[in-house]
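Visitor: Input file: upload-v1.pdb. Contents: PDB, C-alpha atoms.
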```
ATOM      1  CA  MET S 586    -102.720 -36.304 155.527
ATOM      2  CA  LEU S 587    -101.986 -39.974 156.129
ATOM      3  CA  ASP S 588    -105.043 -42.137 156.700
ATOM      4  CA  LEU S 589    -103.858 -45.372 158.322
ATOM      5  CA  ASP S 590    -107.205 -46.387 159.775
ATOM      6  CA  PRO S 591    -109.106 -48.484 157.247
ATOM      7  CA  GLY S 592    -111.782 -49.295 159.832
ATOM      8  CA  LYS S 593    -113.717 -52.502 159.216
ATOM      9  CA  TYR S 594    -111.668 -53.180 156.069
ATOM     10  CA  GLY S 595    -108.390 -53.447 157.980
ATOM     11  CA  ALA S 596    -108.727 -57.236 158.141
ATOM     12  CA  PHE S 597    -108.452 -57.322 154.330
ATOM     13  CA  LEU S 598    -106.240 -54.312 153.621
ATOM     14  CA  TRP S 599    -103.328 -54.985 156.006
ATOM     15  CA  PRO S 600    -102.869 -58.654 155.050
ATOM     16  CA  ALA S 601    -102.774 -57.608 151.373
ATOM     17  CA  PHE S 602    -100.011 -55.077 152.050
ATOM     18  CA  ALA S 603     -98.159 -57.504 154.355
ATOM     19  CA  ILE S 604     -98.219 -60.318 151.773
ATOM     20  CA  SER S 605     -97.092 -57.892 149.059
ATOM     21  CA  ALA S 606     -94.174 -56.772 151.242
ATOM     22  CA  LEU S 607     -93.234 -60.396 152.005
ATOM     23  CA  VAL S 608     -93.335 -61.561 148.388
ATOM     24  CA  ILE S 609     -91.447 -58.507 147.089
ATOM     25  CA  GLY S 610     -88.934 -58.906 149.930
ATOM     26  CA  TRP S 611     -88.476 -62.563 148.966
ATOM     27  CA  MET S 612     -87.937 -61.618 145.307
ATOM     28  CA  VAL S 613     -85.262 -59.060 146.256
ATOM     29  CA  VAL S 614     -83.437 -61.273 148.788
ATOM     30  CA  ASP S 615     -83.570 -64.422 146.630
ATOM     31  CA  SER S 616     -82.281 -62.546 143.562
ATOM     32  CA  LEU S 617     -79.397 -60.924 145.467
ATOM     33  CA  LEU S 618     -78.400 -64.100 147.345
ATOM     34  CA  SER S 619     -78.498 -66.211 144.192
ATOM     35  CA  ALA S 620     -76.360 -63.687 142.286
ATOM     36  CA  ARG S 621     -73.877 -63.482 145.166
ATOM     37  CA  ARG S 622     -73.647 -67.264 145.481
ATOM     38  CA  TRP S 623     -72.949 -67.884 141.792
ATOM     39  CA  ARG S 624     -70.535 -64.945 141.493
ATOM     40  CA  LYS S 625     -68.487 -66.326 144.395
ATOM     41  CA  GLU S 626     -68.617 -69.860 142.980
ATOM     42  CA  ALA S 627     -67.482 -68.684 139.524
ATOM     43  CA  GLN S 628     -64.678 -66.631 141.081
ATOM     44  CA  ARG S 629     -63.566 -69.581 143.237
ATOM     45  CA  LEU S 630     -63.418 -71.929 140.252
ATOM     46  CA  GLU S 631     -61.675 -69.251 138.178
ATOM     47  CA  THR S 632     -58.997 -68.887 140.876
ATOM     48  CA  LEU S 633     -58.574 -72.677 141.089
ATOM     49  CA  ARG S 634     -58.161 -72.878 137.332
ATOM     50  CA  SER S 635     -55.627 -70.065 137.146
ATOM     51  CA  ASN S 636     -53.659 -71.609 140.057
ATOM     52  CA  ALA S 637     -53.662 -74.972 138.273
ATOM     53  CA  LEU S 638     -52.480 -73.340 135.029
ATOM     54  CA  GLN S 639     -49.733 -71.471 136.875
ATOM     55  CA  SER S 640     -48.461 -74.602 138.621
ATOM     56  CA  GLU S 641     -48.577 -76.462 135.284
ATOM     57  CA  THR S 642     -46.466 -73.842 133.477
ATOM     58  CA  GLY S 643     -44.201 -73.595 136.550
ATOM     59  CA  ASP S 644     -43.555 -77.364 136.464
ATOM     60  CA  ARG S 645     -42.699 -77.210 132.777
ATOM     61  CA  SER S 646     -40.196 -74.382 133.279
ATOM     62  CA  LEU S 647     -38.206 -76.371 135.870
ATOM     63  CA  PRO S 648     -34.739 -77.417 134.619
TER      64      PRO S 648
ATOM     65  CA  MET A1041     -79.511 -51.887 121.786
ATOM     66  CA  PHE A1042     -80.926 -55.434 122.187
ATOM     67  CA  GLN A1043     -78.320 -56.654 119.707
ATOM     68  CA  ALA A1044     -75.540 -55.008 121.736
ATOM     69  CA  LEU A1045     -76.810 -56.364 125.054
ATOM     70  CA  ALA A1046     -77.172 -59.885 123.650
ATOM     71  CA  ASN A1047     -73.409 -60.126 124.132
ATOM     72  CA  PRO A1048     -72.925 -61.482 127.701
ATOM     73  CA  GLN A1049     -69.847 -59.359 128.432
ATOM     74  CA  ARG A1050     -71.556 -56.158 127.283
ATOM     75  CA  PHE A1051     -74.650 -57.085 129.291
ATOM     76  CA  MET A1052     -72.546 -57.701 132.415
ATOM     77  CA  ASP A1053     -70.782 -54.331 131.991
ATOM     78  CA  PHE A1054     -74.105 -52.532 131.460
ATOM     79  CA  SER A1055     -76.053 -54.272 134.241
ATOM     80  CA  ARG A1056     -73.260 -53.748 136.815
ATOM     81  CA  TRP A1057     -74.320 -50.095 137.170
ATOM     82  CA  ALA A1058     -77.844 -50.233 135.656
ATOM     83  CA  ALA A1059     -79.299 -52.843 138.061
ATOM     84  CA  PRO A1060     -78.602 -50.881 141.296
ATOM     85  CA  LEU A1061     -79.564 -47.573 139.650
ATOM     86  CA  VAL A1062     -82.940 -48.919 138.451
ATOM     87  CA  GLY A1063     -83.424 -50.577 141.860
ATOM     88  CA  ILE A1064     -82.960 -47.216 143.625
ATOM     89  CA  ILE A1065     -85.437 -45.574 141.213
ATOM     90  CA  ALA A1066     -87.913 -48.395 141.972
ATOM     91  CA  ALA A1067     -87.537 -47.909 145.740
ATOM     92  CA  ILE A1068     -88.130 -44.137 145.446
ATOM     93  CA  LEU A1069     -91.184 -44.540 143.188
ATOM     94  CA  ILE A1070     -92.743 -47.242 145.380
ATOM     95  CA  ALA A1071     -92.091 -45.196 148.549
ATOM     96  CA  ILE A1072     -93.826 -42.119 147.054
ATOM     97  CA  GLY A1073     -96.601 -44.310 145.648
ATOM     98  CA  LEU A1074     -97.191 -45.929 149.050
ATOM     99  CA  TRP A1075     -97.311 -42.557 150.765
ATOM    100  CA  LEU A1076     -99.886 -41.330 148.213
ATOM    101  CA  THR A1077    -101.801 -44.628 148.637
ATOM    102  CA  PHE A1078    -102.597 -43.649 152.210
ATOM    103  CA  THR A1079    -103.304 -39.981 151.511
ATOM    104  CA  VAL A1080    -105.891 -40.318 148.723
ATOM    105  CA  PRO A1081    -109.519 -39.898 149.788
ATOM    106  CA  GLU A1082    -111.735 -42.936 150.366
ATOM    107  CA  ASP A1083    -113.831 -44.007 147.422
ATOM    108  CA  TYR A1084    -117.519 -43.157 147.804
ATOM    109  CA  GLN A1085    -118.515 -46.768 147.061
ATOM    110  CA  GLN A1086    -115.525 -48.906 148.029
ATOM    111  CA  GLY A1087    -114.390 -46.953 151.072
ATOM    112  CA  ASP A1088    -110.834 -47.728 152.237
ATOM    113  CA  THR A1089    -110.579 -50.890 150.157
ATOM    114  CA  VAL A1090    -109.812 -48.660 147.156
ATOM    115  CA  ARG A1091    -106.230 -48.547 148.509
ATOM    116  CA  MET A1092    -105.940 -52.199 147.555
ATOM    117  CA  MET A1093    -105.971 -51.045 143.916
ATOM    118  CA  PHE A1094    -102.483 -49.513 144.226
ATOM    119  CA  ILE A1095    -100.869 -52.877 144.960
ATOM    120  CA  HIS A1096    -103.267 -55.197 143.113
ATOM    121  CA  VAL A1097    -103.376 -53.498 139.702
ATOM    122  CA  PRO A1098     -99.569 -52.993 139.329
ATOM    123  CA  ALA A1099     -99.025 -56.643 140.337
ATOM    124  CA  ALA A1100    -101.549 -57.726 137.688
ATOM    125  CA  TYR A1101     -99.865 -55.525 135.042
ATOM    126  CA  MET A1102     -96.480 -57.013 135.936
ATOM    127  CA  ALA A1103     -97.827 -60.570 135.873
ATOM    128  CA  MET A1104     -98.721 -60.049 132.208
ATOM    129  CA  PHE A1105     -95.677 -57.929 131.334
ATOM    130  CA  CYS A1106     -93.268 -60.529 132.772
ATOM    131  CA  TYR A1107     -94.964 -63.222 130.719
ATOM    132  CA  ALA A1108     -94.657 -61.103 127.558
ATOM    133  CA  CYS A1109     -90.920 -60.759 128.347
ATOM    134  CA  LEU A1110     -90.698 -64.513 128.966
ATOM    135  CA  GLY A1111     -92.380 -65.147 125.611
ATOM    136  CA  GLY A1112     -90.031 -62.688 123.865
ATOM    137  CA  ALA A1113     -86.952 -64.286 125.438
ATOM    138  CA  SER A1114     -88.224 -67.764 124.520
ATOM    139  CA  PHE A1115     -88.768 -66.683 120.923
ATOM    140  CA  MET A1116     -85.253 -65.194 120.713
ATOM    141  CA  GLY A1117     -83.811 -68.342 122.273
ATOM    142  CA  LEU A1118     -85.617 -70.729 119.945
ATOM    143  CA  VAL A1119     -85.267 -68.797 116.696
ATOM    144  CA  PHE A1120     -82.069 -66.730 116.974
ATOM    145  CA  ARG A1121     -80.209 -68.801 119.596
ATOM    146  CA  HIS A1122     -79.087 -65.666 121.437
ATOM    147  CA  SER A1123     -76.718 -66.671 124.199
ATOM    148  CA  LEU A1124     -78.527 -64.600 126.825
ATOM    149  CA  ALA A1125     -82.095 -65.406 125.749
ATOM    150  CA  ASP A1126     -82.408 -68.570 127.839
ATOM    151  CA  ALA A1127     -80.934 -66.781 130.862
ATOM    152  CA  ALA A1128     -83.391 -63.916 130.313
ATOM    153  CA  GLY A1129     -86.336 -66.326 130.243
ATOM    154  CA  ARG A1130     -85.198 -68.190 133.346
ATOM    155  CA  ALA A1131     -84.784 -64.850 135.121
ATOM    156  CA  CYS A1132     -88.322 -63.718 134.213
ATOM    157  CA  ALA A1133     -90.190 -66.783 135.439
ATOM    158  CA  PRO A1134     -89.849 -66.584 139.259
ATOM    159  CA  LEU A1135     -90.450 -62.821 139.224
ATOM    160  CA  GLY A1136     -93.530 -63.238 137.044
ATOM    161  CA  ALA A1137     -94.808 -66.027 139.280
ATOM    162  CA  GLY A1138     -94.330 -63.760 142.317
ATOM    163  CA  PHE A1139     -96.286 -60.885 140.744
ATOM    164  CA  THR A1140     -99.047 -63.252 139.564
ATOM    165  CA  PHE A1141     -99.337 -64.743 143.051
ATOM    166  CA  LEU A1142     -99.667 -61.201 144.429
ATOM    167  CA  ALA A1143    -102.333 -60.305 141.858
ATOM    168  CA  LEU A1144    -104.343 -63.408 142.819
ATOM    169  CA  VAL A1145    -104.002 -62.984 146.597
ATOM    170  CA  THR A1146    -104.585 -59.222 146.743
ATOM    171  CA  GLY A1147    -107.491 -59.621 144.300
ATOM    172  CA  SER A1148    -109.027 -62.243 146.547
ATOM    173  CA  LEU A1149    -108.586 -60.027 149.617
ATOM    174  CA  TRP A1150    -110.194 -57.156 147.711
ATOM    175  CA  GLY A1151    -113.004 -59.336 146.351
ATOM    176  CA  ARG A1152    -114.211 -60.607 149.731
ATOM    177  CA  PRO A1153    -115.441 -57.261 151.115
ATOM    178  CA  MET A1154    -116.544 -55.866 147.716
ATOM    179  CA  TRP A1155    -118.104 -58.895 145.994
ATOM    180  CA  GLY A1156    -118.840 -61.016 149.031
ATOM    181  CA  THR A1157    -116.622 -63.867 147.852
ATOM    182  CA  TRP A1158    -112.932 -64.783 147.925
ATOM    183  CA  TRP A1159    -113.007 -66.438 144.506
ATOM    184  CA  VAL A1160    -115.221 -67.210 141.532
ATOM    185  CA  TRP A1161    -114.315 -69.298 138.511
ATOM    186  CA  ASP A1162    -114.950 -66.497 136.052
ATOM    187  CA  ALA A1163    -112.871 -65.803 132.958
ATOM    188  CA  ARG A1164    -110.551 -63.120 134.381
ATOM    189  CA  MET A1165    -109.633 -64.909 137.586
ATOM    190  CA  THR A1166    -109.357 -68.331 135.988
ATOM    191  CA  SER A1167    -107.138 -67.045 133.162
ATOM    192  CA  VAL A1168    -104.828 -65.348 135.688
ATOM    193  CA  LEU A1169    -104.665 -68.624 137.647
ATOM    194  CA  VAL A1170    -103.734 -70.361 134.369
ATOM    195  CA  LEU A1171    -100.980 -67.738 133.932
ATOM    196  CA  PHE A1172     -99.616 -68.633 137.385
ATOM    197  CA  LEU A1173     -99.669 -72.330 136.468
ATOM    198  CA  LEU A1174     -97.833 -71.555 133.218
ATOM    199  CA  TYR A1175     -95.035 -69.884 135.198
ATOM    200  CA  ILE A1176     -94.863 -72.874 137.550
ATOM    201  CA  GLY A1177     -94.886 -75.256 134.576
ATOM    202  CA  TYR A1178     -92.051 -73.330 132.891
ATOM    203  CA  MET A1179     -89.894 -73.506 136.030
ATOM    204  CA  ALA A1180     -90.760 -77.149 136.671
ATOM    205  CA  LEU A1181     -89.841 -78.088 133.098
ATOM    206  CA  GLN A1182     -86.512 -76.266 133.354
ATOM    207  CA  ALA A1183     -85.767 -78.124 136.593
ATOM    208  CA  ALA A1184     -86.966 -81.548 135.445
ATOM    209  CA  ILE A1185     -84.708 -82.013 132.400
ATOM    210  CA  ASP A1186     -80.992 -82.501 133.092
ATOM    211  CA  ASP A1187     -79.785 -81.383 129.667
ATOM    212  CA  GLU A1188     -79.998 -77.572 129.885
ATOM    213  CA  VAL A1189     -80.340 -77.085 126.125
ATOM    214  CA  LYS A1190     -83.244 -79.540 125.886
ATOM    215  CA  ALA A1191     -84.812 -78.057 129.036
ATOM    216  CA  ALA A1192     -84.596 -74.544 127.626
ATOM    217  CA  ARG A1193     -86.122 -75.661 124.329
ATOM    218  CA  ALA A1194     -89.060 -77.493 125.977
ATOM    219  CA  ALA A1195     -89.726 -74.639 128.412
ATOM    220  CA  SER A1196     -89.528 -72.059 125.600
ATOM    221  CA  ILE A1197     -92.138 -73.945 123.560
ATOM    222  CA  LEU A1198     -94.421 -74.049 126.610
ATOM    223  CA  ALA A1199     -93.878 -70.308 127.163
ATOM    224  CA  LEU A1200     -94.710 -69.510 123.524
ATOM    225  CA  VAL A1201     -97.883 -71.626 123.609
ATOM    226  CA  GLY A1202     -98.886 -69.862 126.828
ATOM    227  CA  LEU A1203     -98.711 -66.441 125.130
ATOM    228  CA  ILE A1204    -102.245 -67.092 123.840
ATOM    229  CA  ASN A1205    -103.396 -66.584 127.440
ATOM    230  CA  LEU A1206    -102.362 -62.886 127.510
ATOM    231  CA  PRO A1207    -105.096 -61.522 125.182
ATOM    232  CA  ILE A1208    -107.567 -63.839 126.944
ATOM    233  CA  ILE A1209    -106.703 -62.207 130.288
ATOM    234  CA  LYS A1210    -106.832 -58.686 128.840
ATOM    235  CA  PHE A1211    -110.141 -59.047 127.007
ATOM    236  CA  SER A1212    -111.852 -61.577 129.288
ATOM    237  CA  VAL A1213    -113.782 -58.769 130.990
ATOM    238  CA  ASP A1214    -115.161 -57.665 127.603
ATOM    239  CA  TRP A1215    -115.804 -61.094 126.083
ATOM    240  CA  TRP A1216    -117.580 -62.741 129.025
ATOM    241  CA  ASN A1217    -119.796 -61.792 131.933
ATOM    242  CA  THR A1218    -117.633 -61.433 135.005
ATOM    243  CA  LEU A1219    -117.613 -59.983 138.494
ATOM    244  CA  HIS A1220    -114.378 -58.211 137.615
ATOM    245  CA  GLN A1221    -114.708 -54.610 136.494
ATOM    246  CA  PRO A1222    -113.835 -53.728 132.870
ATOM    247  CA  ALA A1223    -110.606 -51.884 131.948
ATOM    248  CA  SER A1224    -110.515 -48.412 133.490
ATOM    249  CA  VAL A1225    -106.973 -47.237 132.615
ATOM    250  CA  PHE A1226    -105.801 -48.737 129.292
ATOM    251  CA  ARG A1227    -108.982 -48.337 127.267
ATOM    252  CA  ALA A1228    -110.199 -46.515 124.167
ATOM    253  CA  GLY A1229    -111.314 -43.052 125.231
ATOM    254  CA  GLY A1230    -108.775 -42.731 128.046
ATOM    255  CA  PRO A1231    -108.850 -43.610 131.731
ATOM    256  CA  THR A1232    -112.139 -43.363 133.612
ATOM    257  CA  MET A1233    -110.362 -42.977 136.943
ATOM    258  CA  PRO A1234    -110.036 -39.594 138.681
ATOM    259  CA  PRO A1235    -106.478 -38.110 138.707
ATOM    260  CA  ALA A1236    -106.327 -38.429 142.516
ATOM    261  CA  TYR A1237    -106.251 -42.218 142.060
ATOM    262  CA  LEU A1238    -104.449 -42.270 138.726
ATOM    263  CA  TRP A1239    -101.214 -40.669 140.003
ATOM    264  CA  PRO A1240    -100.462 -43.103 142.831
ATOM    265  CA  LEU A1241    -101.473 -45.975 140.566
ATOM    266  CA  ALA A1242     -99.091 -44.766 137.839
ATOM    267  CA  LEU A1243     -96.237 -44.302 140.335
ATOM    268  CA  MET A1244     -96.739 -47.758 141.825
ATOM    269  CA  ALA A1245     -97.020 -49.346 138.364
ATOM    270  CA  ILE A1246     -93.797 -47.676 137.143
ATOM    271  CA  GLY A1247     -92.163 -48.551 140.478
ATOM    272  CA  TYR A1248     -93.100 -52.229 140.120
ATOM    273  CA  MET A1249     -91.842 -52.142 136.519
ATOM    274  CA  ALA A1250     -88.508 -50.660 137.634
ATOM    275  CA  LEU A1251     -88.288 -53.242 140.423
ATOM    276  CA  PHE A1252     -88.780 -55.993 137.879
ATOM    277  CA  GLY A1253     -86.155 -54.428 135.578
ATOM    278  CA  SER A1254     -83.598 -54.267 138.354
ATOM    279  CA  LEU A1255     -84.233 -57.776 139.708
ATOM    280  CA  TRP A1256     -84.355 -59.206 136.197
ATOM    281  CA  MET A1257     -80.871 -57.819 135.489
ATOM    282  CA  VAL A1258     -79.600 -59.232 138.816
ATOM    283  CA  ARG A1259     -81.052 -62.664 137.986
ATOM    284  CA  VAL A1260     -79.637 -62.666 134.435
ATOM    285  CA  ARG A1261     -76.213 -61.827 135.939
ATOM    286  CA  SER A1262     -76.706 -64.723 138.333
ATOM    287  CA  GLU A1263     -77.506 -67.036 135.392
ATOM    288  CA  VAL A1264     -74.365 -65.904 133.523
ATOM    289  CA  TRP A1265     -72.223 -66.664 136.588
ATOM    290  CA  ARG A1266     -73.981 -69.997 137.112
ATOM    291  CA  LYS A1267     -73.241 -71.061 133.535
ATOM    292  CA  ARG A1268     -69.650 -69.871 133.912
ATOM    293  CA  ALA A1269     -69.266 -71.836 137.177
ATOM    294  CA  ASN A1270     -70.788 -74.972 135.632
ATOM    295  CA  SER A1271     -68.479 -74.716 132.624
ATOM    296  CA  LEU A1272     -65.393 -74.246 134.869
ATOM    297  CA  ALA A1273     -66.468 -77.188 137.061
ATOM    298  CA  LEU A1274     -66.790 -79.374 133.938
ATOM    299  CA  GLN A1275     -63.340 -78.282 132.736
ATOM    300  CA  ALA A1276     -61.861 -79.085 136.165
ATOM    301  CA  ALA A1277     -63.530 -82.504 136.209
ATOM    302  CA  GLY A1278     -62.503 -83.347 132.634
TER     303      GLY A1278
END
```
Once more with this new file: its structure as C-alpha cells, please.
Guide:
Amino acid sequence: MLDLDPGKYGAFLWPAFAISALVIGWMVVDSLLSARRWRKEAQRLETLRSNALQSETGDRSLP
Amino acid sequence: MFQALANPQRFMDFSRWAAPLVGIIAAILIAIGLWLTFTVPEDYQQGDTVRMMFIHVPAAYMAMFCYACLGGASFMGLVFRHSLADAAGRACAPLGAGFTFLALVTGSLWGRPMWGTWWVWDARMTSVLVLFLLYIGYMALQAAIDDEVKAARAASILALVGLINLPIIKFSVDWWNTLHQPASVFRAGGPTMPPAYLWPLALMAIGYMALFGSLWMVRVRSEVWRKRANSLALQAAG
C-alpha cells in the first residue's frame, strides 16, 4: 500500500526527492546531449575530410 | 576484460549496446526501489523521514564509489598511459560531483527534522564536503590548463592525493564523535537494518550503481568523439 502522506515531514521529504530527480535528470540529459553533440561534430569533420581527400585524388586523376 | 576495453574501438563497440542496456536496468531497479520506498512501514523513531534513507544512502555510496573509480582511472592514466584512462576519469568527475551534492543536500534535509540542525562541522559531513570540493577541483584543473596532457596529469595527481579522504569518510563515524549514525549495512557482523528496509535500499543502491555505469559509458563515448573531433579539426587547420 502506497503511503504518500509524510505528514509534518513533507516539507523535508518532498524537496529531497525533487532535488534528487532534478540532479539525476540533469546528469542523464547532460550526458546524452554532450555525447550527441560530439558524435555529430566528429562525423561532420570526418565527412569534410573524406570529401577533401576525394576532391584531392579527383584533381590528380584529371588528364 | 579491462585490458580488452582499454582499446577505444573495442570500448566503443561494447558500450554501444551496453550503455542503453545498463540504463534500462537502472531505470527498472530505481522504479521498483521507489515504489518500495513508499510502501515500507514508518520507522518507530524517525517516522516518515526514514524514506529519505533510500535516496540519501545510495547517493553517499555512489559519491565514494565514483571517487574510487576516478582514482583508479587516474592511476591507470599516470602509470600505464592507457588511452581511455583520462577519458574515464573525466567522465567520472561530474557524475561523482552530482551524487556527492545529492548526499550532502538530502543529508541536510534529513538532519533538520531528526537532529534539529541542517549542518554541523563534524567529521563525516566535513569529509564529504571535502570530497565534493575534490571533484570540483579536479574538473576546474582539467578546464584551467590548455594542454590536455598536462591538465590530465595535474588532475590525476590531485585525484590520487584525494583518495586518502575515502577511508576518512568511511571510518569517521568510528574514529570521532559525530551526530551521524555508525555504519548499519557494511559492517562486521552484518547489517543491523530490518529486511523491510534493506531490500528497497539494496535495489536503490544497485539502481544508482547501474545508472552511474550507463552514464559513465555514455560520457566516455562522448570523450572519445570529442578527442576525435579535436584531432580532425587540427588536421583540417594544419
Visitor: Once the ChimeraX specification (/S :<8) & /A is applied to the coordinates I shared, what remains selected? I want it as a count of residues only.
Guide: 29
Visitor: Considering all atoms listed in the file, state which residue in the set A:Arg1121, A:Lys1267, A:Arg1227, A:Arg1130 is at the smallest distance from A:Cys1109.
Guide: A:Arg1130
Visitor: Can you spell out as a ChimeraX atom specification the set of residues that the PyMOL selection byres ((chain A and resi 1112) around 10) selects in the structure I just provided?
Guide: /A:1106-1111,1113-1118,1125,1128-1129,1196,1199-1200,1203
Visitor: Any chance you could export the current selection's C-alpha atoms as a PDB file, keeping the file's coordinate frame?
Guide:
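The resulting selection03.pdb:
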```pdb
ATOM      1  CA  CYS A1106     -93.268 -60.529 132.772  1.00  0.00           C
ATOM      2  CA  TYR A1107     -94.964 -63.222 130.719  1.00  0.00           C
ATOM      3  CA  ALA A1108     -94.657 -61.103 127.558  1.00  0.00           C
ATOM      4  CA  CYS A1109     -90.920 -60.759 128.347  1.00  0.00           C
ATOM      5  CA  LEU A1110     -90.698 -64.513 128.966  1.00  0.00           C
ATOM      6  CA  GLY A1111     -92.380 -65.147 125.611  1.00  0.00           C
ATOM      7  CA  ALA A1113     -86.952 -64.286 125.438  1.00  0.00           C
ATOM      8  CA  SER A1114     -88.224 -67.764 124.520  1.00  0.00           C
ATOM      9  CA  PHE A1115     -88.768 -66.683 120.923  1.00  0.00           C
ATOM     10  CA  MET A1116     -85.253 -65.194 120.713  1.00  0.00           C
ATOM     11  CA  GLY A1117     -83.811 -68.342 122.273  1.00  0.00           C
ATOM     12  CA  LEU A1118     -85.617 -70.729 119.945  1.00  0.00           C
ATOM     13  CA  ALA A1125     -82.095 -65.406 125.749  1.00  0.00           C
ATOM     14  CA  ALA A1128     -83.391 -63.916 130.313  1.00  0.00           C
ATOM     15  CA  GLY A1129     -86.336 -66.326 130.243  1.00  0.00           C
ATOM     16  CA  SER A1196     -89.528 -72.059 125.600  1.00  0.00           C
ATOM     17  CA  ALA A1199     -93.878 -70.308 127.163  1.00  0.00           C
ATOM     18  CA  LEU A1200     -94.710 -69.510 123.524  1.00  0.00           C
ATOM     19  CA  LEU A1203     -98.711 -66.441 125.130  1.00  0.00           C
TER      20      LEU A1203
END
```
Visitor: How many Å lie between atom CA of A:Val1225 and atom CA of A:Thr1166, rounded to one decimal?
Guide: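 Computing it gives 21.5 Å between the two atoms.
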Visitor: Can you turn the PyMOL selection byres ((chain A and resi 1060) around 12) into a concrete residue list for this file, as number ranges by chain?
Guide: S: 613, 617; A: 1054-1059, 1061-1067, 1250-1258
Visitor: Only C-alpha atoms, please: the residues just picked out, written as a short mmCIF file (atom, residue, chain, number, x, y, z; two decimals), in the frame of the given file.
Guide:
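After the write, again-v8.cif holds the following:
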```cif
data_model
loop_
_atom_site.label_atom_id
_atom_site.label_comp_id
_atom_site.auth_asym_id
_atom_site.auth_seq_id
_atom_site.Cartn_x
_atom_site.Cartn_y
_atom_site.Cartn_z
CA VAL S 613 -85.26 -59.06 146.26
CA LEU S 617 -79.40 -60.92 145.47
CA PHE A 1054 -74.10 -52.53 131.46
CA SER A 1055 -76.05 -54.27 134.24
CA ARG A 1056 -73.26 -53.75 136.82
CA TRP A 1057 -74.32 -50.10 137.17
CA ALA A 1058 -77.84 -50.23 135.66
CA ALA A 1059 -79.30 -52.84 138.06
CA LEU A 1061 -79.56 -47.57 139.65
CA VAL A 1062 -82.94 -48.92 138.45
CA GLY A 1063 -83.42 -50.58 141.86
CA ILE A 1064 -82.96 -47.22 143.62
CA ILE A 1065 -85.44 -45.57 141.21
CA ALA A 1066 -87.91 -48.40 141.97
CA ALA A 1067 -87.54 -47.91 145.74
CA ALA A 1250 -88.51 -50.66 137.63
CA LEU A 1251 -88.29 -53.24 140.42
CA PHE A 1252 -88.78 -55.99 137.88
CA GLY A 1253 -86.16 -54.43 135.58
CA SER A 1254 -83.60 -54.27 138.35
CA LEU A 1255 -84.23 -57.78 139.71
CA TRP A 1256 -84.36 -59.21 136.20
CA MET A 1257 -80.87 -57.82 135.49
CA VAL A 1258 -79.60 -59.23 138.82
#
```
Visitor: If I take atom CA of A:Val1097 and atom CA of A:Asp1083, how far is one from the other in Å, to one decimal?
Guide: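 Here the two named atoms are 16.1 Å from each other.
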Visitor: Write out as a ChimeraX atom specification the residues lying within 12 Å of A:Met1179, counting all atoms listed in the file and excluding same-chain residues fewer than 2 positions away.
Guide: /A:1110,1129-1137,1172-1177,1181-1185,1191-1192,1194-1196,1198-1199
